[in-house]
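*Asks:* Got a structure here, written out as structure tokens. Questions coming.
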Amino acid sequence: MPTATFHNSDQLAAAAQPFEALQPILLRHHRSPDSLIEILNQAQQFYGYLSVELLRHVARSLALPDSQVFGTATFYHLFRFQPPARHSCVVCTGTACEVNGAAQLVAALEGALRISLGARRSDGFVSLGAVRCLGTCSAAPVLVIDGVVMKHQSAASALATVRELAP
Amino acid sequence: MSPLADAVQRVRCCSSAGCLASGAGPLRQALETAVARRELQERLVITGVGCLGPCSQGPLVAVDPEGILFGGVSAGDADGLIAALAHRSQAALASEREAPLSWTPAAGERLDTSGPFFSRQRRVVLEHCGLIDPERIEAAMECGAYGQLRRVVQTLTPTEVVETIRRSGLRGRGGAGYPTGLKWATVAKMPQGQKVVVCNADEGDPGAFTDRSVLEGDPHRVLEGMVIAAYAVGADHGFIYIRAEYELAIVNLRRAIEQASRQQLLGQQLFGSSFSFTVQLRVGAGAYVCGEETALIHSIEGGRGTPRPRPPYPAEAGVGGAPTLINNVETFANVVPILREGADWFAAIGTAGSKGTKVFSLTGNVRRGGLVEVPMGTSLATIVAEMGEGTPDGSGIKAVQTGGPSGGCVPAAHLDTPVDYESLQALGTIMGSGGMVVIDHATDMVALAAFFMAFCREESCGKCVPCRAGTVQLHALLQKHLAGEASAADLAQLEALCHMVKDTSLCGLGQSAPKPVLSTLRFFRGEYEARLRPGTAPSPLTTAGAAP
């Protein structure tokens, strides 16, 4: 279970019409509590992450207790509660990648980026995460940098790509 | 396959996630540009298709009418290929005489489609995967999509449909192998009222991509199977629950649902009957446990994906309390060929207890990996050694892992085992959703067991104690072994705890979490014992399993 560190976003809370972009999403799902996960997925796509204010807003809109919305959101791995880093670096740690050296990739990247797996660097430059199998196992070991899937990675090739990332 | 007009050649580009990761996107664009530049649009068609099979050789391209397959094609090869195709004799192509094609990609190869990787397959589920453009419902319909649905709704009673599926001997392809006909009959027998059909596309096993490939390559096949199931059990709405990691499959499915709804193949009063069916896509948010059916139902309802004790089974009380039929993607994909060819035809494929074919995703330390579909009863050796051509360095296969974190490892000595539900179960593993990971001698089996245990520890939902606490303790014990600090008593405790977690956990995740450990203990016990702290060599007494 991921540990959730919630991040308050002052600028969003200060907006006169908070989460206006969420309205069409809520309407499309008829404000149905059944659609909570769908709504959270789409909210995260739009805002980049789920802030405390956003979760409260969703709870109010669906007439659900805050605890249920927070409880559901923190249950799933893919929900983020902090703004995403400028770059994302994700190592596939599925079985095929594992037997082809994913652990070495993780170790090399942890060293080079100076963060541990699952963390986001405090300067907001990069986050290092793991995904359990993208299903592109013939390309193992796989690294996903800023959404681009890169196949047959080695520690050297991974580090070379990471060094090229814009600050 | 859709018929090609005279002398028209077609280039099929694999556009599934595996090939896209190796550069299939730019390749397809380069091919289209090359065709446009030479103004060959009338004679050369470029189509994106689903998985072509040998993913390890990607990006893959097939040339029709002959179906010549090239692997390792890059965008730089596009111009050369189009030039070579343009020069092929139009007369020869038109008269179906052989039109030689001597071109090969710069860094790739022409693949021998008569080799065992292809010749050992029997494509039932994947019959149109890689042949049709999954983005166009017309392409699917040219191959007969929704024809069986029409026939079923117009000429068969629900009972007849259930009976056909029951007689075919089809069993669930998601893991446990429960007889599909029986499941359908149970839901069909529930009192009239709201019923739900759910397609479980939460293929979470690391190393498995069979469902992803089916959904990417032939989404209408799965939809049609689902609607037929709904007709058979009397459901009027359904859900497809798919994991968020499968972006392309989600896009293709969403499009397929829209197209089918527009053509009134989904919706109200289908084919002028009183039968209506609508389907909604539900995208998960990353939780392996949601592959378990009661957890999946909670997730569809918008809650935490925690399982609950059964009974009541989902067939009695599922989504929103309504009787719910849950089948896996590949199970639904088998429905159309069974109805088209008949139950007896299907039952003639496979073994006594396991009928039909099974799609496997062959990966790991294997020379030729990818998507294969073989009749049930094919031996593991045929799949990994003959079709997969063994390990890349030729060092030999140590074991084959099936069933992901819920399965186990089959050692090389047992590779003559046929793949069917019972034989795999007897070896302490399961069929699972079709992941087949080949393991070479460089792989440490204790480390592999620890890898799977770490997975289960992270994915445990935390509801029941044996799984929540047991997976943590099991992982710690495995780490102790890896560090060379374990005593014989630790090994005994590891084994005892495995049985406890297996016997007392609430759901399938916890019950099968110890399987990778138990199966490696069974076949590779020496690797555990070799890691014991010096001076604590196992005595017969301690290995007998007495808890300390």
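Please note that chains go A, B, ... in the order of the structure tokens, that every chain numbers its residues from 1, and that ligands are numbered from 1 in the order shown.
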Return as JSON lines the residues of chain A lying at most 10 Å from chain B, together with the closest atom-to-atom pair for each and the distance in Å to one decimal, counting only C-alpha atoms, with rows in chain order and ascending residue number.
*Replies:*
{"residue": "A:Met1", "atom": "CA", "partner": "B:Glu458", "partner_atom": "CA", "distance": 6.1}
{"residue": "A:Pro2", "atom": "CA", "partner": "B:Glu458", "partner_atom": "CA", "distance": 8.5}
{"residue": "A:Ser32", "atom": "CA", "partner": "B:Gly302", "partner_atom": "CA", "distance": 9.1}
{"residue": "A:Pro33", "atom": "CA", "partner": "B:Gly302", "partner_atom": "CA", "distance": 6.4}
{"residue": "A:Asp34", "atom": "CA", "partner": "B:Gly302", "partner_atom": "CA", "distance": 4.5}
{"residue": "A:Ser35", "atom": "CA", "partner": "B:Gly302", "partner_atom": "CA", "distance": 5.5}
{"residue": "A:Leu36", "atom": "CA", "partner": "B:Gly302", "partner_atom": "CA", "distance": 4.9}
{"residue": "A:Ile37", "atom": "CA", "partner": "B:Gly302", "partner_atom": "CA", "distance": 5.4}
{"residue": "A:Glu38", "atom": "CA", "partner": "B:Val283", "partner_atom": "CA", "distance": 6.6}
{"residue": "A:Ile39", "atom": "CA", "partner": "B:Gly302", "partner_atom": "CA", "distance": 9.5}
{"residue": "A:Leu40", "atom": "CA", "partner": "B:Ala285", "partner_atom": "CA", "distance": 9.2}
{"residue": "A:Asn41", "atom": "CA", "partner": "B:Ala285", "partner_atom": "CA", "distance": 7.3}
{"residue": "A:Gln68", "atom": "CA", "partner": "B:Gly303", "partner_atom": "CA", "distance": 7.7}
{"residue": "A:Val69", "atom": "CA", "partner": "B:Gly303", "partner_atom": "CA", "distance": 8.3}
{"residue": "A:Gly71", "atom": "CA", "partner": "B:Arg304", "partner_atom": "CA", "distance": 7.1}
{"residue": "A:Thr72", "atom": "CA", "partner": "B:Arg304", "partner_atom": "CA", "distance": 4.8}
{"residue": "A:Ala73", "atom": "CA", "partner": "B:Arg304", "partner_atom": "CA", "distance": 8.0}
{"residue": "A:Thr74", "atom": "CA", "partner": "B:Arg304", "partner_atom": "CA", "distance": 8.8}
{"residue": "A:Phe75", "atom": "CA", "partner": "B:Arg304", "partner_atom": "CA", "distance": 6.1}
{"residue": "A:Tyr76", "atom": "CA", "partner": "B:Gly286", "partner_atom": "CA", "distance": 5.4}
{"residue": "A:His77", "atom": "CA", "partner": "B:Gly286", "partner_atom": "CA", "distance": 5.0}
{"residue": "A:Leu78", "atom": "CA", "partner": "B:Ala285", "partner_atom": "CA", "distance": 5.2}
{"residue": "A:Phe79", "atom": "CA", "partner": "B:Ala285", "partner_atom": "CA", "distance": 7.0}
{"residue": "A:Cys92", "atom": "CA", "partner": "B:Pro206", "partner_atom": "CA", "distance": 9.5}
{"residue": "A:Thr93", "atom": "CA", "partner": "B:Pro206", "partner_atom": "CA", "distance": 8.1}
{"residue": "A:Gly94", "atom": "CA", "partner": "B:Pro206", "partner_atom": "CA", "distance": 4.6}
{"residue": "A:Thr95", "atom": "CA", "partner": "B:Gly207", "partner_atom": "CA", "distance": 5.2}
{"residue": "A:Ala96", "atom": "CA", "partner": "B:Gly364", "partner_atom": "CA", "distance": 4.6}
{"residue": "A:Cys97", "atom": "CA", "partner": "B:Gly364", "partner_atom": "CA", "distance": 7.6}
{"residue": "A:Glu98", "atom": "CA", "partner": "B:Phe451", "partner_atom": "CA", "distance": 8.1}
{"residue": "A:Val99", "atom": "CA", "partner": "B:Gly364", "partner_atom": "CA", "distance": 6.5}
{"residue": "A:Asn100", "atom": "CA", "partner": "B:Gly364", "partner_atom": "CA", "distance": 7.1}
{"residue": "A:Val131", "atom": "CA", "partner": "B:Glu245", "partner_atom": "CA", "distance": 8.5}
{"residue": "A:Arg132", "atom": "CA", "partner": "B:Pro206", "partner_atom": "CA", "distance": 5.9}
{"residue": "A:Cys133", "atom": "CA", "partner": "B:Pro206", "partner_atom": "CA", "distance": 4.8}
{"residue": "A:Leu134", "atom": "CA", "partner": "B:Glu245", "partner_atom": "CA", "distance": 6.3}
{"residue": "A:Gly135", "atom": "CA", "partner": "B:Phe209", "partner_atom": "CA", "distance": 4.8}
{"residue": "A:Thr136", "atom": "CA", "partner": "B:Gly18", "partner_atom": "CA", "distance": 4.5}
{"residue": "A:Cys137", "atom": "CA", "partner": "B:Thr363", "partner_atom": "CA", "distance": 6.1}
{"residue": "A:Ser138", "atom": "CA", "partner": "B:Ser56", "partner_atom": "CA", "distance": 4.8}
{"residue": "A:Ala139", "atom": "CA", "partner": "B:Ser56", "partner_atom": "CA", "distance": 6.9}
{"residue": "A:Ala140", "atom": "CA", "partner": "B:Gly364", "partner_atom": "CA", "distance": 8.0}
{"residue": "A:Pro141", "atom": "CA", "partner": "B:Gly364", "partner_atom": "CA", "distance": 9.8}
{"residue": "A:Val142", "atom": "CA", "partner": "B:Ala21", "partner_atom": "CA", "distance": 9.0}
{"residue": "A:Val144", "atom": "CA", "partner": "B:Ala21", "partner_atom": "CA", "distance": 9.8}
{"residue": "A:Val148", "atom": "CA", "partner": "B:Ala21", "partner_atom": "CA", "distance": 8.1}
{"residue": "A:Val149", "atom": "CA", "partner": "B:Ala21", "partner_atom": "CA", "distance": 5.4}
{"residue": "A:Met150", "atom": "CA", "partner": "B:Ala21", "partner_atom": "CA", "distance": 6.3}
{"residue": "A:Lys151", "atom": "CA", "partner": "B:Ala21", "partner_atom": "CA", "distance": 6.4}
{"residue": "A:His152", "atom": "CA", "partner": "B:Ser22", "partner_atom": "CA", "distance": 9.3}
*Asks:* Write the residues of the selection above to a file with N, CA and C atoms, as a short mmCIF file (atom, residue, chain, number, x, y, z; two decimals), in the first residue's frame.
*Replies:*
data_model
loop_
_atom_site.label_atom_id
_atom_site.label_comp_id
_atom_site.auth_asym_id
_atom_site.auth_seq_id
_atom_site.Cartn_x
_atom_site.Cartn_y
_atom_site.Cartn_z
N MET A 1 0.84 -1.19 0.00
CA MET A 1 0.00 0.00 0.00
C MET A 1 0.88 1.24 0.00
N PRO A 2 0.66 2.19 -0.91
CA PRO A 2 1.51 3.37 -0.91
C PRO A 2 1.19 4.26 0.28
N SER A 32 -22.42 9.83 -9.94
CA SER A 32 -22.72 8.54 -9.31
C SER A 32 -21.52 8.06 -8.49
N PRO A 33 -21.75 7.69 -7.23
CA PRO A 33 -20.64 7.21 -6.39
C PRO A 33 -19.95 5.99 -7.00
N ASP A 34 -20.68 5.21 -7.81
CA ASP A 34 -20.09 4.06 -8.49
C ASP A 34 -18.91 4.46 -9.36
N SER A 35 -18.94 5.68 -9.85
CA SER A 35 -17.92 6.11 -10.81
C SER A 35 -16.74 6.77 -10.13
N LEU A 36 -16.61 6.61 -8.83
CA LEU A 36 -15.57 7.33 -8.09
C LEU A 36 -14.18 7.13 -8.71
N ILE A 37 -13.84 5.87 -9.02
CA ILE A 37 -12.48 5.62 -9.52
C ILE A 37 -12.29 6.24 -10.90
N GLU A 38 -13.32 6.14 -11.74
CA GLU A 38 -13.25 6.77 -13.06
C GLU A 38 -13.03 8.28 -12.91
N ILE A 39 -13.78 8.88 -11.99
CA ILE A 39 -13.69 10.33 -11.81
C ILE A 39 -12.30 10.71 -11.29
N LEU A 40 -11.80 9.93 -10.34
CA LEU A 40 -10.46 10.23 -9.80
C LEU A 40 -9.40 10.08 -10.89
N ASN A 41 -9.53 9.04 -11.72
CA ASN A 41 -8.59 8.84 -12.84
C ASN A 41 -8.57 10.06 -13.74
N GLN A 68 -14.41 7.96 2.73
CA GLN A 68 -14.55 6.96 1.68
C GLN A 68 -13.75 7.35 0.44
N VAL A 69 -13.76 8.63 0.11
CA VAL A 69 -13.01 9.09 -1.07
C VAL A 69 -11.51 8.97 -0.80
N GLY A 71 -10.09 7.04 1.39
CA GLY A 71 -9.79 5.62 1.55
C GLY A 71 -9.63 4.92 0.21
N THR A 72 -10.53 5.24 -0.71
CA THR A 72 -10.45 4.61 -2.02
C THR A 72 -9.22 5.11 -2.77
N ALA A 73 -9.01 6.42 -2.75
CA ALA A 73 -7.89 6.98 -3.51
C ALA A 73 -6.56 6.41 -3.04
N THR A 74 -6.39 6.27 -1.73
CA THR A 74 -5.09 5.80 -1.23
C THR A 74 -4.93 4.29 -1.38
N PHE A 75 -6.00 3.60 -1.72
CA PHE A 75 -5.88 2.15 -1.88
C PHE A 75 -5.11 1.80 -3.14
N TYR A 76 -5.27 2.61 -4.18
CA TYR A 76 -4.73 2.26 -5.50
C TYR A 76 -3.37 2.90 -5.75
N HIS A 77 -2.50 2.13 -6.40
CA HIS A 77 -1.12 2.58 -6.60
C HIS A 77 -1.00 3.79 -7.52
N LEU A 78 -1.91 3.92 -8.47
CA LEU A 78 -1.66 4.89 -9.53
C LEU A 78 -2.09 6.32 -9.17
N PHE A 79 -2.75 6.47 -8.03
CA PHE A 79 -3.14 7.84 -7.66
C PHE A 79 -1.99 8.54 -6.95
N CYS A 92 10.19 -0.99 -15.22
CA CYS A 92 9.26 -2.12 -15.15
C CYS A 92 9.91 -3.19 -14.29
N THR A 93 9.18 -3.66 -13.29
CA THR A 93 9.72 -4.70 -12.42
C THR A 93 8.86 -5.96 -12.50
N GLY A 94 8.36 -6.22 -13.70
CA GLY A 94 7.65 -7.47 -13.95
C GLY A 94 8.62 -8.63 -14.00
N THR A 95 8.08 -9.84 -14.12
CA THR A 95 8.92 -11.04 -14.04
C THR A 95 9.99 -11.08 -15.14
N ALA A 96 9.57 -10.79 -16.38
CA ALA A 96 10.51 -10.89 -17.49
C ALA A 96 11.63 -9.85 -17.34
N CYS A 97 11.26 -8.65 -16.89
CA CYS A 97 12.27 -7.62 -16.68
C CYS A 97 13.18 -8.01 -15.51
N GLU A 98 12.57 -8.61 -14.49
CA GLU A 98 13.33 -9.02 -13.31
C GLU A 98 14.42 -10.01 -13.70
N VAL A 99 14.06 -11.05 -14.49
CA VAL A 99 15.07 -12.05 -14.84
C VAL A 99 16.04 -11.51 -15.90
N ASN A 100 15.77 -10.33 -16.42
CA ASN A 100 16.70 -9.73 -17.38
C ASN A 100 17.42 -8.52 -16.81
N VAL A 131 6.76 -0.04 -12.17
CA VAL A 131 5.48 -0.53 -12.63
C VAL A 131 5.60 -2.05 -12.70
N ARG A 132 4.51 -2.75 -12.31
CA ARG A 132 4.54 -4.20 -12.34
C ARG A 132 4.04 -4.67 -13.68
N CYS A 133 4.93 -4.74 -14.63
CA CYS A 133 4.64 -5.32 -15.94
C CYS A 133 3.78 -4.44 -16.83
N LEU A 134 4.41 -3.98 -17.91
CA LEU A 134 3.69 -3.24 -18.94
C LEU A 134 3.16 -4.20 -19.99
N GLY A 135 3.55 -5.48 -19.88
CA GLY A 135 3.11 -6.44 -20.88
C GLY A 135 3.90 -6.36 -22.17
N THR A 136 5.00 -5.64 -22.19
CA THR A 136 5.85 -5.61 -23.38
C THR A 136 7.13 -6.38 -23.06
N CYS A 137 6.93 -7.64 -22.66
CA CYS A 137 7.99 -8.42 -22.03
C CYS A 137 9.14 -8.76 -22.98
N SER A 138 8.89 -8.74 -24.30
CA SER A 138 9.97 -9.06 -25.22
C SER A 138 10.99 -7.95 -25.27
N ALA A 139 10.65 -6.80 -24.72
CA ALA A 139 11.57 -5.66 -24.72
C ALA A 139 12.33 -5.58 -23.40
N ALA A 140 12.22 -6.59 -22.56
CA ALA A 140 12.79 -6.54 -21.21
C ALA A 140 14.31 -6.41 -21.22
N PRO A 141 14.91 -5.71 -20.27
CA PRO A 141 14.23 -4.87 -19.27
C PRO A 141 13.81 -3.52 -19.84
N VAL A 142 12.65 -3.07 -19.37
CA VAL A 142 12.01 -1.88 -19.94
C VAL A 142 12.10 -0.70 -18.97
N VAL A 144 10.64 3.40 -18.69
CA VAL A 144 9.74 4.38 -19.29
C VAL A 144 10.15 5.75 -18.78
N VAL A 148 7.82 7.58 -22.59
CA VAL A 148 8.38 6.86 -23.74
C VAL A 148 8.96 5.53 -23.27
N VAL A 149 8.47 4.44 -23.88
CA VAL A 149 8.92 3.11 -23.49
C VAL A 149 10.25 2.80 -24.19
N MET A 150 11.28 2.48 -23.41
CA MET A 150 12.59 2.18 -23.98
C MET A 150 12.95 0.74 -23.67
N LYS A 151 13.32 0.01 -24.75
CA LYS A 151 13.51 -1.44 -24.58
C LYS A 151 14.97 -1.80 -24.33
N HIS A 152 15.17 -3.02 -23.89
CA HIS A 152 16.50 -3.62 -23.69
C HIS A 152 17.48 -2.64 -23.03
#
*Asks:* Near His87 of chain A, counting only C-alpha atoms, which residues have an atom at most 7 Å away, once you skip same-chain residues fewer than 2 positions from it, shown as a PyMOL selection string?
*Replies:* chain A and resi 85+89+125-127+146
*Asks:* Between A:Gly147, A:Ser122, A:Ala155, A:Ala166, single out the one closest to Glu110 of chain A, counting only C-alpha atoms.
*Replies:* A:Ala155
*Asks:* DSSP on the backbone, strand (DSSP E) only: what residues of segment 112-226 of chain B does that give? Format it as a PyMOL selection string.
*Replies:* chain B and resi 196-201
*Asks:* Next, dump the selected residues to file, keeping only C-alpha atoms, as an mmCIF file, in the first residue's frame.
*Replies:*
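Output (result-v8.cif):
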data_model
loop_
_atom_site.group_PDB
_atom_site.id
_atom_site.type_symbol
_atom_site.label_atom_id
_atom_site.label_comp_id
_atom_site.auth_asym_id
_atom_site.auth_seq_id
_atom_site.Cartn_x
_atom_site.Cartn_y
_atom_site.Cartn_z
ATOM 1 C CA VAL B 196 -24.723 -8.080 -14.968
ATOM 2 C CA VAL B 197 -21.943 -9.445 -17.181
ATOM 3 C CA VAL B 198 -18.369 -8.476 -16.318
ATOM 4 C CA CYS B 199 -15.287 -8.999 -18.450
ATOM 5 C CA ASN B 200 -12.197 -9.301 -16.285
ATOM 6 C CA ALA B 201 -9.400 -7.609 -18.217
#
*Asks:* List every residue of segment 203-274 of chain B that DSSP, applied to the backbone, labels as alpha helix (DSSP H), and write the result as a ChimeraX atom specification.
*Replies:* /B:210-217,219-233,247-262
*Asks:* Show which residues sit within 7 Å of Gly71 of chain B, as a CSV table (one decimal) with N, CA and C atoms, in the first residue's frame. Count only C-alpha atoms, and ignore same-chain residues fewer than 4 positions away.
*Replies:*
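The new file part_39.csv reads:
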chain,number,residue,atom,x,y,z
B,57,GLN,N,11.2,-10.4,-32.0
B,57,GLN,CA,11.8,-10.1,-33.3
B,57,GLN,C,11.3,-8.7,-33.8
B,58,GLY,N,10.5,-8.0,-33.0
B,58,GLY,CA,9.9,-6.8,-33.5
B,58,GLY,C,10.8,-5.7,-33.8
B,59,PRO,N,10.4,-4.6,-34.5
B,59,PRO,CA,9.0,-4.5,-35.0
B,59,PRO,C,8.8,-5.4,-36.2
B,60,LEU,N,7.6,-5.9,-36.3
B,60,LEU,CA,7.2,-6.9,-37.3
B,60,LEU,C,6.4,-6.3,-38.4
B,61,VAL,N,6.6,-6.8,-39.6
B,61,VAL,CA,5.8,-6.3,-40.7
B,61,VAL,C,5.5,-7.6,-41.6
B,108,GLY,N,17.5,-6.5,-39.8
B,108,GLY,CA,16.5,-7.5,-39.4
B,108,GLY,C,16.6,-8.8,-40.2
B,109,GLU,N,15.5,-9.5,-40.4
B,109,GLU,CA,15.5,-10.7,-41.1
B,109,GLU,C,14.1,-11.1,-41.6
B,110,ARG,N,14.1,-12.0,-42.6
B,110,ARG,CA,12.8,-12.5,-43.1
B,110,ARG,C,12.6,-13.7,-42.2
B,111,LEU,N,11.4,-13.8,-41.6
B,111,LEU,CA,11.2,-14.9,-40.7
B,111,LEU,C,10.5,-16.1,-41.4
*Asks:* Which neighbours of segment 323-336 of chain B fall inside 7 Å, counting only C-alpha atoms, when residues of the same chain fewer than 4 positions from it are skipped, and could you give them as a ChimeraX atom specification?
*Replies:* /B:125,148,172-174,184,187,190,195-201,211,221-222,225-226,314-319,340
*Asks:* Please, could you write that set of residues out with C-alpha atoms as a PDB file, in the first residue's frame?
*Replies:*
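Final output, saved to again_9.pdb:
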ATOM      1  CA  VAL B 125      -8.818 -17.069 -30.164  1.00  0.00           C
ATOM      2  CA  GLN B 148     -22.817 -15.226 -34.494  1.00  0.00           C
ATOM      3  CA  GLY B 172     -12.309 -20.240 -17.487  1.00  0.00           C
ATOM      4  CA  ARG B 173      -9.061 -18.918 -18.911  1.00  0.00           C
ATOM      5  CA  GLY B 174      -8.368 -16.518 -16.063  1.00  0.00           C
ATOM      6  CA  TRP B 184     -23.381 -19.351 -17.229  1.00  0.00           C
ATOM      7  CA  VAL B 187     -26.418 -17.036 -13.502  1.00  0.00           C
ATOM      8  CA  MET B 190     -31.149 -16.861 -11.013  1.00  0.00           C
ATOM      9  CA  LYS B 195     -28.215  -9.183 -14.074  1.00  0.00           C
ATOM     10  CA  VAL B 196     -24.723  -8.080 -14.968  1.00  0.00           C
ATOM     11  CA  VAL B 197     -21.943  -9.445 -17.181  1.00  0.00           C
ATOM     12  CA  VAL B 198     -18.369  -8.476 -16.318  1.00  0.00           C
ATOM     13  CA  CYS B 199     -15.287  -8.999 -18.450  1.00  0.00           C
ATOM     14  CA  ASN B 200     -12.197  -9.301 -16.285  1.00  0.00           C
ATOM     15  CA  ALA B 201      -9.400  -7.609 -18.217  1.00  0.00           C
ATOM     16  CA  ASP B 211      -5.415 -10.544 -22.704  1.00  0.00           C
ATOM     17  CA  ARG B 221     -14.233 -10.561 -30.723  1.00  0.00           C
ATOM     18  CA  VAL B 222     -14.353 -10.013 -26.956  1.00  0.00           C
ATOM     19  CA  GLY B 225     -18.590 -12.917 -26.793  1.00  0.00           C
ATOM     20  CA  MET B 226     -19.755 -10.713 -23.955  1.00  0.00           C
ATOM     21  CA  PRO B 314     -20.959 -13.269  -7.653  1.00  0.00           C
ATOM     22  CA  ALA B 315     -23.321 -15.495  -9.653  1.00  0.00           C
ATOM     23  CA  GLU B 316     -25.817 -14.969  -6.827  1.00  0.00           C
ATOM     24  CA  ALA B 317     -24.902 -11.484  -5.610  1.00  0.00           C
ATOM     25  CA  GLY B 318     -22.332  -9.453  -7.503  1.00  0.00           C
ATOM     26  CA  VAL B 319     -22.230  -5.883  -8.824  1.00  0.00           C
ATOM     27  CA  ARG B 340     -19.775 -20.897 -35.220  1.00  0.00           C
TER      28      ARG B 340
END
